[in-house]
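Engineer: My structure file target.cif, mmCIF, C-alpha atoms and all ligand atoms, is below:
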data_protein
loop_
_atom_site.label_atom_id
_atom_site.label_comp_id
_atom_site.auth_asym_id
_atom_site.auth_seq_id
_atom_site.Cartn_x
_atom_site.Cartn_y
_atom_site.Cartn_z
CA MET V 1 9.02 -18.85 -8.19
CA MET V 2 8.29 -15.16 -7.66
CA GLN V 3 9.55 -13.79 -4.36
CA VAL V 4 8.48 -10.89 -2.15
CA ILE V 5 11.05 -9.56 0.31
CA GLY V 6 9.64 -7.62 3.22
CA SER V 7 7.97 -7.51 6.61
CA TYR V 8 4.47 -8.66 7.49
CA THR V 9 3.52 -5.29 8.97
CA SER V 10 4.54 -2.90 6.16
CA PRO V 11 1.53 -1.49 4.28
CA PHE V 12 3.63 -1.31 1.10
CA VAL V 13 4.64 -4.97 1.33
CA ARG V 14 1.04 -5.95 2.03
CA LYS V 15 -0.02 -4.14 -1.15
CA VAL V 16 2.18 -6.44 -3.19
CA ARG V 17 0.99 -9.57 -1.37
CA VAL V 18 -2.67 -8.59 -1.88
CA ALA V 19 -2.05 -7.88 -5.58
CA LEU V 20 -0.31 -11.22 -6.13
CA ILE V 21 -3.17 -13.07 -4.45
CA GLU V 22 -5.75 -11.14 -6.50
CA HIS V 23 -3.87 -12.05 -9.70
CA GLY V 24 -3.72 -15.69 -8.57
CA LEU V 25 0.08 -15.69 -8.81
CA PRO V 26 1.96 -17.99 -6.41
CA PHE V 27 4.97 -16.48 -4.61
CA ASP V 28 7.46 -17.06 -1.81
CA PHE V 29 7.59 -14.59 1.04
CA ARG V 30 11.04 -13.83 2.46
CA GLU V 31 10.59 -12.07 5.76
CA GLU V 32 13.23 -9.37 6.25
CA THR V 33 13.32 -6.08 8.11
CA PRO V 34 15.15 -3.18 6.44
CA TYR V 35 16.12 -1.67 9.77
CA THR V 36 19.02 -3.91 10.95
CA ALA V 37 22.63 -2.93 10.14
CA ASP V 38 23.29 -6.14 8.20
CA THR V 39 19.91 -6.38 6.47
CA PRO V 40 19.97 -8.36 3.20
CA VAL V 41 17.31 -5.97 1.86
CA ARG V 42 20.13 -3.81 0.43
CA ASP V 43 21.07 -6.71 -1.87
CA PHE V 44 17.64 -6.35 -3.50
CA ASN V 45 17.06 -2.60 -3.21
CA PRO V 46 19.86 0.00 -2.90
CA LEU V 47 17.35 2.24 -1.12
CA VAL V 48 17.17 -0.42 1.63
CA LYS V 49 13.39 -0.36 1.70
CA VAL V 50 10.77 -3.06 1.48
CA PRO V 51 9.05 -4.40 -0.52
CA ALA V 52 11.44 -5.77 -3.08
CA PHE V 53 10.18 -8.26 -5.61
CA VAL V 54 11.93 -10.89 -7.73
CA ASP V 55 9.84 -11.74 -10.78
CA ALA V 56 9.45 -15.01 -12.68
CA ASN V 57 12.50 -14.15 -14.83
CA GLY V 58 14.68 -13.49 -11.78
CA GLU V 59 14.58 -9.73 -12.30
CA THR V 60 14.39 -7.60 -9.14
CA TRP V 61 11.99 -4.68 -8.72
CA PHE V 62 11.29 -2.26 -5.92
CA ASP V 63 8.77 0.31 -4.89
CA SER V 64 5.32 -1.14 -4.41
CA ALA V 65 3.65 0.97 -7.11
CA LEU V 66 6.19 -0.10 -9.71
CA ILE V 67 5.86 -3.72 -8.60
CA LEU V 68 2.08 -3.55 -9.07
CA ALA V 69 2.62 -2.19 -12.58
CA VAL V 70 5.11 -5.00 -13.28
CA LEU V 71 2.57 -7.59 -12.13
CA GLU V 72 0.20 -6.37 -14.85
CA THR V 73 2.75 -7.65 -17.38
CA GLN V 74 3.16 -11.01 -15.64
CA LYS V 75 -0.38 -12.01 -14.80
CA ALA V 76 -1.79 -15.22 -16.19
CA GLU V 77 -3.26 -15.25 -19.69
CA GLY V 78 -6.72 -13.69 -19.57
CA GLY V 79 -6.22 -12.68 -15.95
CA ALA V 80 -8.07 -9.61 -14.72
CA SER V 81 -6.27 -6.32 -14.15
CA LEU V 82 -5.67 -4.05 -11.18
CA LEU V 83 -4.78 -1.17 -13.51
CA PRO V 84 -6.59 0.04 -16.64
CA SER V 85 -4.59 -0.77 -19.77
CA ASP V 86 -5.30 2.62 -21.42
CA ALA V 87 -2.69 5.20 -20.54
CA VAL V 88 -4.82 8.05 -19.19
CA PRO V 89 -7.23 6.02 -16.99
CA GLN V 90 -4.20 4.09 -15.76
CA LEU V 91 -2.50 7.32 -14.72
CA GLN V 92 -5.73 8.43 -13.00
CA VAL V 93 -5.83 5.26 -10.90
CA ARG V 94 -2.10 5.58 -10.22
CA ARG V 95 -2.59 9.16 -9.03
CA LEU V 96 -4.88 7.84 -6.30
CA GLU V 97 -2.40 5.07 -5.54
CA THR V 98 0.34 7.70 -5.24
CA LEU V 99 -1.78 9.65 -2.77
CA ALA V 100 -2.43 6.55 -0.65
CA ASP V 101 1.29 5.68 -0.75
CA GLY V 102 2.13 9.27 0.22
CA ILE V 103 -0.09 8.94 3.28
CA GLY V 104 1.90 5.81 4.11
CA ASP V 105 5.24 7.59 3.61
CA ALA V 106 4.18 10.40 5.96
CA GLY V 107 2.83 7.88 8.46
CA VAL V 108 6.06 5.89 8.45
CA LEU V 109 8.14 9.06 8.97
CA MET V 110 5.88 10.08 11.84
CA PHE V 111 6.08 6.63 13.38
CA MET V 112 9.89 6.61 13.19
CA GLU V 113 10.09 10.09 14.68
CA LYS V 114 7.88 9.07 17.57
CA LYS V 115 10.17 6.13 18.28
CA ARG V 116 13.13 8.46 18.94
CA ASP V 117 13.97 9.68 22.39
CA GLU V 118 11.38 12.28 23.35
CA SER V 119 14.04 14.98 23.72
CA GLU V 120 15.09 14.40 20.09
CA GLN V 121 11.60 14.49 18.59
CA SER V 122 10.47 17.47 16.56
CA ALA V 123 6.84 18.44 17.20
CA SER V 124 6.74 20.57 14.05
CA TRP V 125 8.09 17.69 11.93
CA ILE V 126 5.46 15.33 13.35
CA ALA V 127 2.73 17.95 12.74
CA ARG V 128 3.92 18.33 9.15
CA GLN V 129 3.57 14.59 8.51
CA GLN V 130 0.23 14.45 10.35
CA GLU V 131 -1.12 17.16 8.07
CA LYS V 132 -0.32 15.03 5.01
CA VAL V 133 -2.11 12.05 6.54
CA ASP V 134 -5.16 14.12 7.53
CA ASN V 135 -5.35 15.88 4.14
CA GLY V 136 -5.05 12.54 2.37
CA PHE V 137 -7.85 10.88 4.33
CA ALA V 138 -10.06 13.96 3.94
CA PHE V 139 -9.44 13.90 0.19
CA PHE V 140 -10.54 10.27 -0.08
CA GLU V 141 -13.59 10.85 2.13
CA ARG V 142 -14.65 13.67 -0.20
CA TYR V 143 -13.80 11.60 -3.25
CA LEU V 144 -15.93 8.66 -2.16
CA THR V 145 -18.79 10.92 -1.10
CA GLU V 146 -18.93 12.73 -4.41
CA ARG V 147 -18.71 9.61 -6.58
CA LEU V 148 -21.10 7.26 -4.86
CA ASP V 149 -22.71 6.11 -8.10
CA LYS V 150 -19.43 5.57 -9.95
CA ASP V 151 -16.58 4.45 -7.81
CA PHE V 152 -13.81 5.62 -10.11
CA LEU V 153 -11.21 4.02 -7.85
CA HIS V 154 -11.90 0.62 -9.37
CA ASP V 155 -14.53 1.09 -12.04
CA PHE V 156 -12.74 0.26 -15.26
CA ASP V 157 -12.95 -2.32 -18.07
CA GLY V 158 -11.30 -5.66 -17.38
CA GLY V 159 -10.98 -4.87 -13.68
CA LEU V 160 -11.57 -7.18 -10.77
CA GLY V 161 -13.75 -4.62 -8.99
CA LEU V 162 -10.52 -3.62 -7.32
CA SER V 163 -7.62 -1.42 -8.38
CA ALA V 164 -4.03 -0.79 -7.31
CA ALA V 165 -5.36 2.40 -5.67
CA ASP V 166 -7.96 0.50 -3.63
CA ILE V 167 -5.28 -1.88 -2.41
CA ALA V 168 -2.90 0.95 -1.46
CA LEU V 169 -5.63 2.89 0.32
CA VAL V 170 -7.03 0.03 2.38
CA CYS V 171 -3.54 -1.23 3.30
CA VAL V 172 -2.53 2.22 4.52
CA LEU V 173 -5.81 2.81 6.38
CA GLU V 174 -5.48 -0.45 8.27
CA TRP V 175 -1.79 0.08 8.95
CA TYR V 176 -2.38 3.61 10.26
CA THR V 177 -5.26 2.46 12.47
CA LEU V 178 -3.10 -0.26 14.03
CA ARG V 179 0.13 1.71 14.41
CA PHE V 180 -1.43 4.84 15.90
CA ASN V 181 -4.43 3.22 17.50
CA ALA V 182 -6.30 5.84 15.48
CA ASP V 183 -10.05 6.25 15.56
CA TRP V 184 -10.92 8.06 12.33
CA ARG V 185 -14.12 6.19 11.48
CA LYS V 186 -16.53 8.78 12.89
CA GLN V 187 -14.69 11.58 11.13
CA TYR V 188 -14.60 9.72 7.79
CA PRO V 189 -17.71 7.49 7.70
CA ARG V 190 -17.68 6.91 3.93
CA LEU V 191 -14.06 5.83 4.09
CA ALA V 192 -14.87 3.50 6.98
CA GLU V 193 -17.65 1.82 5.03
CA TYR V 194 -15.42 1.48 1.98
CA ALA V 195 -12.47 0.05 3.96
CA LYS V 196 -14.74 -2.50 5.60
CA GLN V 197 -16.10 -3.62 2.24
CA ILE V 198 -12.74 -3.90 0.46
CA GLY V 199 -10.99 -5.23 3.57
CA GLY V 200 -13.43 -8.13 3.66
CA ARG V 201 -11.94 -9.66 0.51
CA GLU V 202 -10.04 -12.89 1.01
CA SER V 203 -6.76 -11.31 -0.15
CA PHE V 204 -6.99 -8.75 2.68
CA VAL V 205 -8.16 -11.23 5.29
CA THR V 206 -5.24 -13.60 4.64
CA THR V 207 -2.62 -10.83 4.66
CA ARG V 208 -3.90 -8.93 7.71
CA PRO V 209 -1.14 -8.62 10.33
CA PRO V 210 -1.92 -9.89 13.85
CA GLY V 211 -4.04 -7.32 15.69
CA GLY V 212 -4.87 -5.56 12.41
N1 LIG C 1 7.60 4.06 -1.80
C1 LIG C 1 8.00 2.81 -1.20
C2 LIG C 1 7.98 2.93 0.34
C3 LIG C 1 8.52 1.71 1.02
C4 LIG C 1 8.87 1.97 2.48
O1 LIG C 1 8.98 3.13 2.94
N2 LIG C 1 9.00 0.90 3.25
C5 LIG C 1 9.40 1.02 4.64
C6 LIG C 1 8.76 -0.06 5.49
S1 LIG C 1 7.05 0.29 5.77
C7 LIG C 1 10.91 0.81 4.69
O2 LIG C 1 11.41 -0.13 4.13
N3 LIG C 1 11.63 1.71 5.37
C8 LIG C 1 13.04 1.58 5.54
C9 LIG C 1 13.75 2.89 5.33
O3 LIG C 1 13.11 3.88 4.93
O4 LIG C 1 14.97 2.92 5.56
C10 LIG C 1 7.08 1.69 -1.69
O5 LIG C 1 5.93 1.97 -2.03
O6 LIG C 1 7.53 0.53 -1.77
#
Transcribe the structure of this file into structure tokens.
Structural biologist:
Amino acid sequence: MMQVIGSYTSPFVRKVRVALIEHGLPFDFREETPYTADTPVRDFNPLVKVPAFVDANGETWFDSALILAVLETQKAEGGASLLPSDAVPQLQVRRLETLADGIGDAGVLMFMEKKRDESEQSASWIARQQEKVDNGFAFFERYLTERLDKDFLHDFDGGLGLSAADIALVCVLEWYTLRFNADWRKQYPRLAEYAKQIGGRESFVTTRPPGG
């Protein structure tokens, strides 16, 4: 049985859970935090980050984007795809996934920094991460506004009406909203509409963390 190692709150772990559900692949979830001194996460990923993923052959993978690419090779016969099979369109979707993941990376760094003692926090470091988050959301707002008639994020042959980039973006939007109690919907109305639509899918509803 395939296994996901991670926490219920991580946006990167949720990406993998959503993708597995969308592919119709059954999996075990092993709940582990990477942040304790004796965490078993290091046995799966030397970077001591979640998610890690053990595939049907017992091979271990890490980094959510790579795991989503691996799942494309393991989906059921005739199963739909979350990534285009042609190289260039696939890279174009993965570029958007990389941007969404980068927003998540900056958000996680900012969240960790804000958890430190106030005297140890760096305002300029937090501002630097916040800029990445803000630029990323603004990019996607513009992107969605300019491509209303062809939503390139998930408009490709053999797709499920959903791509790896959609999953990454909605997971990070919901995570950011919850973690920072952020109200960005007025500022980015197109993004809000989009997140509501995608976030209504069963795979998102069943993986939504409490309060999210
Ligand atoms: N690029 C990685 C990011 C994963 C990541 O940063 N996960 C966080 C949890 S949200 C983590 O495990 N952090 C532990 C650490 O950085 O030591 C991915 O997409 O899987």
Engineer: How would you write as a PDB file with C-alpha atoms, in the frame of the given file the residues that get within 6 Å of (11.7, 13.0, 15.7) in the file's frame, counting all atoms listed in the file?
Structural biologist:
ATOM      1  CA  GLU V 113      10.090  10.090  14.680  1.00  0.00           C
ATOM      2  CA  LYS V 114       7.880   9.070  17.570  1.00  0.00           C
ATOM      3  CA  ARG V 116      13.130   8.460  18.940  1.00  0.00           C
ATOM      4  CA  GLU V 120      15.090  14.400  20.090  1.00  0.00           C
ATOM      5  CA  GLN V 121      11.600  14.490  18.590  1.00  0.00           C
ATOM      6  CA  SER V 122      10.470  17.470  16.560  1.00  0.00           C
TER       7      SER V 122
END
Engineer: Hey, which residues sit close to ligand LIG 1 (chain C)? Say within 7 Å, counting only C-alpha atoms and all ligand atoms, and write them as an MDAnalysis selection string.
Structural biologist: chainID V and resid 10:13 34:35 48:51 62:65 101 105 108
Engineer: Measure the distance from atom CA of V:Ile103 to atom CA of V:Gly136 in Å and round it to one decimal.
Structural biologist: 6.2 Å
Engineer: Which of these, V:Glu22, V:Glu202, V:Glu174, V:Asp55, has the shortest distance to V:Val70 once you count all atoms listed in the file?
Structural biologist: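 For V:Val70, the nearest of the given residues is V:Asp55.
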Engineer: Which one of V:Leu47, V:Ala19, V:Val133, V:Leu91 sits closest to V:Val172 if you count all atoms listed in the file?
Structural biologist: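 Residue with the minimum atom-to-atom distance to V:Val172: V:Val133.
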Engineer: Closest to V:Leu66 among V:Lys15, V:Ile21, V:Pro84, V:Asp38, using all atoms listed in the file?
Structural biologist: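 Checking each of V:Lys15, V:Ile21, V:Pro84, V:Asp38 against V:Leu66, counting all atoms listed in the file, the winner is V:Lys15.
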Engineer: I'd like the interatomic distance between atom CA of V:Ala69 and atom CA of V:Tyr194, to a tenth of an Å.
Structural biologist: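 Value for the atom CA of V:Ala69-atom CA of V:Tyr194 distance: 23.5 Å.
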Engineer: What is the distance between atom CA of V:Asn181 and atom CA of V:Arg201, in Å to one decimal?
Structural biologist: 22.6 Å
Engineer: For V:Asn135, which residue out of V:Met112, V:Leu162, V:Cys171, V:Leu99 is the nearest one, using all atoms listed in the file?
Structural biologist: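 For V:Asn135, the nearest of the candidates is V:Leu99.
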Engineer: So, counting all atoms listed in the file, which residue among V:Thr9, V:Ser85, V:Thr177, V:Gln3 is closest to V:Gly58?
Structural biologist: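 Of V:Thr9, V:Ser85, V:Thr177, V:Gln3, the one nearest V:Gly58, counting all atoms listed in the file, is V:Gln3.
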Engineer: Out of V:Leu144, V:Asp43, V:Glu59, V:Ala164, which residue has the shortest atom-to-atom distance to V:Ala192 when counting all atoms listed in the file?
Structural biologist: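 Of all the options, V:Leu144 lies closest to V:Ala192.
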Engineer: List every protein, DNA or RNA residue that has at least one atom no more than 10 Å from (-4.3, -7.0, 9.2) in the file's coordinates, counting all atoms listed in the file, and write the result as an MDAnalysis selection string.
Structural biologist: chainID V and resid 8:9 11 14 171 174:175 178 199 204:212
